[in-house]
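*Asks:* Input: one structure, supplied below.
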Amino acid sequence: MDETDEMARAFRLLGDPTRVRLLLALHDAGELCVHDLAEATRTAESTASQALRLLRASGVVVGRRQGRHVHYSLSDDHVRTLLGVARDHARHGAAAATA
């Protein structure tokens, strides 16, 4: 897979609002379990869990087991930076549209 394919895959992951909400919740909180992520994003636990499986398989999030619960966090600073830039871009676009 070349660089452009890898970039397109990353953008496809960000193409789903539920996944973006989950990622932003992790960006802001650092680490959360499925229950807390579902609550923070107003998403059903099954929906959050399914999205997290995809994000984990793609290497965007990592899980840490603690007893019966898995606590998720962003996999690295690159993901954190990408989300921060995307959030800034969305806010800039929204501000420009209202000006």
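Chain labels follow the order of the structure tokens: the first chain is A, the next B, and so on; residue numbering restarts at 1 in every chain, and ligands are counted from 1 in their shown order.
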Please run DSSP on the backbone and report, as a list in words, all residues within chain A that come out as strand (DSSP E or B).
*Replies:* Leu32, Cys33, Val61, Val62, Gly63, Arg64, Arg65, Gln66, His69, Val70, His71, Tyr72, Ser73 and Leu74 of chain A
*Asks:* Those residues with all heavy atoms, as a compact mmCIF listing (two decimals), in the first residue's frame please?
*Replies:*
```txt
# COMPACT_ATOMS: atom_id res chain seq x y z
N LEU A 32 -10.80 6.07 27.98
CA LEU A 32 -12.16 5.79 28.41
C LEU A 32 -12.53 4.36 28.06
O LEU A 32 -12.04 3.81 27.08
CB LEU A 32 -13.16 6.73 27.73
CG LEU A 32 -13.08 8.21 28.07
CD1 LEU A 32 -13.91 9.03 27.08
CD2 LEU A 32 -13.56 8.46 29.49
N CYS A 33 -13.43 3.77 28.85
CA CYS A 33 -13.97 2.45 28.53
C CYS A 33 -15.17 2.63 27.59
O CYS A 33 -15.65 3.74 27.38
CB CYS A 33 -14.37 1.70 29.79
SG CYS A 33 -15.78 2.40 30.67
N VAL A 61 -6.66 3.49 17.54
CA VAL A 61 -6.79 3.42 19.00
C VAL A 61 -6.16 2.13 19.50
O VAL A 61 -5.99 1.17 18.74
CB VAL A 61 -8.27 3.50 19.48
CG1 VAL A 61 -8.92 4.79 19.04
CG2 VAL A 61 -9.07 2.30 19.02
N VAL A 62 -5.82 2.13 20.77
CA VAL A 62 -5.30 0.95 21.44
C VAL A 62 -6.16 0.68 22.67
O VAL A 62 -6.78 1.60 23.22
CB VAL A 62 -3.82 1.11 21.84
CG1 VAL A 62 -2.94 1.19 20.61
CG2 VAL A 62 -3.61 2.31 22.73
N GLY A 63 -6.21 -0.57 23.08
CA GLY A 63 -6.99 -0.95 24.24
C GLY A 63 -6.09 -1.49 25.34
O GLY A 63 -5.09 -2.14 25.07
N ARG A 64 -6.48 -1.22 26.57
CA ARG A 64 -5.77 -1.73 27.74
C ARG A 64 -6.80 -2.40 28.63
O ARG A 64 -7.73 -1.76 29.09
CB ARG A 64 -5.09 -0.56 28.49
CG ARG A 64 -4.37 -0.98 29.77
CD ARG A 64 -3.80 0.24 30.49
NE ARG A 64 -4.82 1.17 30.93
CZ ARG A 64 -5.57 1.04 32.04
NH1 ARG A 64 -5.43 -0.03 32.81
NH2 ARG A 64 -6.47 1.95 32.37
N ARG A 65 -6.62 -3.70 28.84
CA ARG A 65 -7.58 -4.45 29.64
C ARG A 65 -7.31 -4.23 31.13
O ARG A 65 -6.18 -4.29 31.60
CB ARG A 65 -7.50 -5.93 29.32
CG ARG A 65 -8.52 -6.75 30.10
CD ARG A 65 -8.69 -8.14 29.55
NE ARG A 65 -9.30 -8.19 28.23
CZ ARG A 65 -10.61 -8.04 27.99
NH1 ARG A 65 -11.44 -7.81 28.98
NH2 ARG A 65 -11.07 -8.12 26.77
N GLN A 66 -8.41 -3.95 31.85
CA GLN A 66 -8.35 -3.82 33.30
C GLN A 66 -9.54 -4.59 33.86
O GLN A 66 -10.68 -4.09 33.83
CB GLN A 66 -8.40 -2.36 33.73
CG GLN A 66 -8.23 -2.15 35.22
CD GLN A 66 -8.17 -0.68 35.57
OE1 GLN A 66 -8.33 0.20 34.72
NE2 GLN A 66 -7.93 -0.40 36.83
N HIS A 69 -13.03 -4.82 31.88
CA HIS A 69 -13.19 -3.66 31.02
C HIS A 69 -11.94 -3.41 30.18
O HIS A 69 -10.83 -3.70 30.60
CB HIS A 69 -13.47 -2.40 31.84
CG HIS A 69 -14.72 -2.51 32.65
ND1 HIS A 69 -15.97 -2.35 32.10
CD2 HIS A 69 -14.92 -2.77 33.96
CE1 HIS A 69 -16.88 -2.50 33.03
NE2 HIS A 69 -16.28 -2.78 34.17
N VAL A 70 -12.16 -2.86 28.99
CA VAL A 70 -11.07 -2.42 28.13
C VAL A 70 -11.14 -0.90 28.08
O VAL A 70 -12.19 -0.32 27.80
CB VAL A 70 -11.18 -3.01 26.71
CG1 VAL A 70 -10.06 -2.47 25.82
CG2 VAL A 70 -11.14 -4.53 26.76
N HIS A 71 -10.02 -0.26 28.38
CA HIS A 71 -9.93 1.19 28.33
C HIS A 71 -9.19 1.56 27.05
O HIS A 71 -8.09 1.06 26.79
CB HIS A 71 -9.18 1.72 29.56
CG HIS A 71 -9.93 1.47 30.83
ND1 HIS A 71 -10.77 2.41 31.37
CD2 HIS A 71 -10.00 0.38 31.62
CE1 HIS A 71 -11.31 1.92 32.46
NE2 HIS A 71 -10.85 0.68 32.64
N TYR A 72 -9.80 2.43 26.27
CA TYR A 72 -9.26 2.81 24.98
C TYR A 72 -8.60 4.17 25.06
O TYR A 72 -9.00 5.05 25.82
CB TYR A 72 -10.38 2.85 23.92
CG TYR A 72 -10.92 1.49 23.62
CD1 TYR A 72 -12.01 0.98 24.31
CD2 TYR A 72 -10.32 0.69 22.65
CE1 TYR A 72 -12.50 -0.29 24.04
CE2 TYR A 72 -10.81 -0.58 22.37
CZ TYR A 72 -11.89 -1.05 23.07
OH TYR A 72 -12.36 -2.31 22.80
N SER A 73 -7.57 4.35 24.21
CA SER A 73 -6.90 5.64 24.07
C SER A 73 -6.41 5.75 22.63
O SER A 73 -6.36 4.76 21.89
CB SER A 73 -5.73 5.76 25.05
OG SER A 73 -4.78 4.75 24.82
N LEU A 74 -6.06 6.96 22.22
CA LEU A 74 -5.51 7.16 20.88
C LEU A 74 -4.16 6.47 20.82
O LEU A 74 -3.42 6.43 21.81
CB LEU A 74 -5.37 8.65 20.59
CG LEU A 74 -6.66 9.45 20.61
CD1 LEU A 74 -6.38 10.93 20.34
CD2 LEU A 74 -7.67 8.91 19.61
```
*Asks:* Would you pick out the contacts of stretch 78-80 of chain A at 10 Å or less, using only C-alpha atoms, so that residues sharing its chain but fewer than 2 positions from it are not included, and give the list as an MDAnalysis selection string?
*Replies:* chainID A and resid 10 23:24 26:28 30 59:61 74:76 82:86
*Asks:* Write the residues you've just listed into a file as a PDB file, in the first residue's frame, and include N, CA, C and O atoms for each of them.
*Replies:*
```
ATOM      1  N   ALA A  10      -6.946   6.654   6.122  1.00  0.00           N
ATOM      2  CA  ALA A  10      -7.084   7.465   7.336  1.00  0.00           C
ATOM      3  C   ALA A  10      -8.259   8.434   7.213  1.00  0.00           C
ATOM      4  O   ALA A  10      -9.047   8.595   8.155  1.00  0.00           O
ATOM      5  N   LEU A  23     -13.389   9.403  18.676  1.00  0.00           N
ATOM      6  CA  LEU A  23     -11.990   9.825  18.666  1.00  0.00           C
ATOM      7  C   LEU A  23     -11.793  11.151  19.394  1.00  0.00           C
ATOM      8  O   LEU A  23     -10.815  11.320  20.142  1.00  0.00           O
ATOM      9  N   LEU A  24     -12.714  12.091  19.200  1.00  0.00           N
ATOM     10  CA  LEU A  24     -12.597  13.376  19.899  1.00  0.00           C
ATOM     11  C   LEU A  24     -12.776  13.204  21.409  1.00  0.00           C
ATOM     12  O   LEU A  24     -12.098  13.874  22.191  1.00  0.00           O
ATOM     13  N   LEU A  26     -11.879  10.576  23.092  1.00  0.00           N
ATOM     14  CA  LEU A  26     -10.596  10.042  23.545  1.00  0.00           C
ATOM     15  C   LEU A  26      -9.513  11.116  23.516  1.00  0.00           C
ATOM     16  O   LEU A  26      -8.657  11.169  24.406  1.00  0.00           O
ATOM     17  N   HIS A  27      -9.554  11.958  22.511  1.00  0.00           N
ATOM     18  CA  HIS A  27      -8.598  13.070  22.415  1.00  0.00           C
ATOM     19  C   HIS A  27      -8.701  13.959  23.641  1.00  0.00           C
ATOM     20  O   HIS A  27      -7.693  14.345  24.226  1.00  0.00           O
ATOM     21  N   ASP A  28      -9.925  14.259  24.059  1.00  0.00           N
ATOM     22  CA  ASP A  28     -10.142  15.177  25.178  1.00  0.00           C
ATOM     23  C   ASP A  28      -9.919  14.512  26.539  1.00  0.00           C
ATOM     24  O   ASP A  28      -9.397  15.138  27.454  1.00  0.00           O
ATOM     25  N   GLY A  30      -8.363  11.324  27.124  1.00  0.00           N
ATOM     26  CA  GLY A  30      -7.159  10.518  27.258  1.00  0.00           C
ATOM     27  C   GLY A  30      -7.445   9.032  27.185  1.00  0.00           C
ATOM     28  O   GLY A  30      -6.906   8.344  26.339  1.00  0.00           O
ATOM     29  N   GLY A  59      -5.390   0.598  13.804  1.00  0.00           N
ATOM     30  CA  GLY A  59      -4.241   1.136  14.526  1.00  0.00           C
ATOM     31  C   GLY A  59      -4.407   2.556  15.012  1.00  0.00           C
ATOM     32  O   GLY A  59      -3.436   3.204  15.389  1.00  0.00           O
ATOM     33  N   VAL A  60      -5.638   3.051  15.021  1.00  0.00           N
ATOM     34  CA  VAL A  60      -5.889   4.431  15.440  1.00  0.00           C
ATOM     35  C   VAL A  60      -6.079   4.526  16.953  1.00  0.00           C
ATOM     36  O   VAL A  60      -5.713   5.516  17.572  1.00  0.00           O
ATOM     37  N   VAL A  61      -6.656   3.486  17.540  1.00  0.00           N
ATOM     38  CA  VAL A  61      -6.794   3.425  18.996  1.00  0.00           C
ATOM     39  C   VAL A  61      -6.162   2.130  19.498  1.00  0.00           C
ATOM     40  O   VAL A  61      -5.992   1.168  18.741  1.00  0.00           O
ATOM     41  N   LEU A  74      -6.064   6.955  22.221  1.00  0.00           N
ATOM     42  CA  LEU A  74      -5.508   7.158  20.883  1.00  0.00           C
ATOM     43  C   LEU A  74      -4.155   6.469  20.816  1.00  0.00           C
ATOM     44  O   LEU A  74      -3.421   6.433  21.810  1.00  0.00           O
ATOM     45  N   SER A  75      -3.820   5.935  19.672  1.00  0.00           N
ATOM     46  CA  SER A  75      -2.615   5.117  19.562  1.00  0.00           C
ATOM     47  C   SER A  75      -1.324   5.916  19.656  1.00  0.00           C
ATOM     48  O   SER A  75      -0.331   5.414  20.177  1.00  0.00           O
ATOM     49  N   ASP A  76      -1.312   7.152  19.156  1.00  0.00           N
ATOM     50  CA  ASP A  76      -0.070   7.931  19.220  1.00  0.00           C
ATOM     51  C   ASP A  76      -0.341   9.420  18.985  1.00  0.00           C
ATOM     52  O   ASP A  76      -1.479   9.824  18.736  1.00  0.00           O
ATOM     53  N   LEU A  82      -3.598  14.930  14.115  1.00  0.00           N
ATOM     54  CA  LEU A  82      -4.552  14.918  12.999  1.00  0.00           C
ATOM     55  C   LEU A  82      -5.931  15.374  13.462  1.00  0.00           C
ATOM     56  O   LEU A  82      -6.581  16.191  12.798  1.00  0.00           O
ATOM     57  N   LEU A  83      -6.387  14.874  14.607  1.00  0.00           N
ATOM     58  CA  LEU A  83      -7.690  15.283  15.133  1.00  0.00           C
ATOM     59  C   LEU A  83      -7.700  16.756  15.508  1.00  0.00           C
ATOM     60  O   LEU A  83      -8.679  17.459  15.251  1.00  0.00           O
ATOM     61  N   GLY A  84      -6.626  17.238  16.113  1.00  0.00           N
ATOM     62  CA  GLY A  84      -6.539  18.648  16.485  1.00  0.00           C
ATOM     63  C   GLY A  84      -6.588  19.558  15.267  1.00  0.00           C
ATOM     64  O   GLY A  84      -7.305  20.566  15.256  1.00  0.00           O
ATOM     65  N   VAL A  85      -5.868  19.191  14.231  1.00  0.00           N
ATOM     66  CA  VAL A  85      -5.859  19.992  12.997  1.00  0.00           C
ATOM     67  C   VAL A  85      -7.234  19.943  12.333  1.00  0.00           C
ATOM     68  O   VAL A  85      -7.750  20.972  11.868  1.00  0.00           O
ATOM     69  N   ALA A  86      -7.851  18.767  12.286  1.00  0.00           N
ATOM     70  CA  ALA A  86      -9.183  18.636  11.679  1.00  0.00           C
ATOM     71  C   ALA A  86     -10.210  19.464  12.455  1.00  0.00           C
ATOM     72  O   ALA A  86     -11.067  20.125  11.858  1.00  0.00           O
TER      73      ALA A  86
END
```
*Asks:* Give the answer as one residue: which of A:Ala57, A:Ala29, A:Leu22, A:Ala95 has the shortest atom-to-atom distance to A:Ala44, using only C-alpha atoms?
*Replies:*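 Smallest separation from A:Ala44 among the options: A:Leu22.
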*Asks:* Atom CA of A:Leu55 to atom CA of A:Asp36: how many Å, to one decimal?
*Replies:*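 Between atom CA of A:Leu55 and atom CA of A:Asp36 the gap is 16.7 Å.
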*Asks:* Grab the atom CA of A:Glu31 to atom CA of A:Leu52 distance for me, in Å with one decimal place.
*Replies:* 12.7 Å
*Asks:* Determine the nearest neighbour of A:Glu39 from the options A:Ser58, A:Ala25, A:Gly93, A:Leu13, counting only C-alpha atoms.
*Replies:*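 Nearest candidate to A:Glu39 out of A:Ser58, A:Ala25, A:Gly93, A:Leu13: A:Ala25.
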*Asks:* Between atom CA of A:His89 and atom CA of A:Glu6, what is the distance, to one decimal in Å?
*Replies:*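 Distance reported for this atom pair: 21.0 Å.
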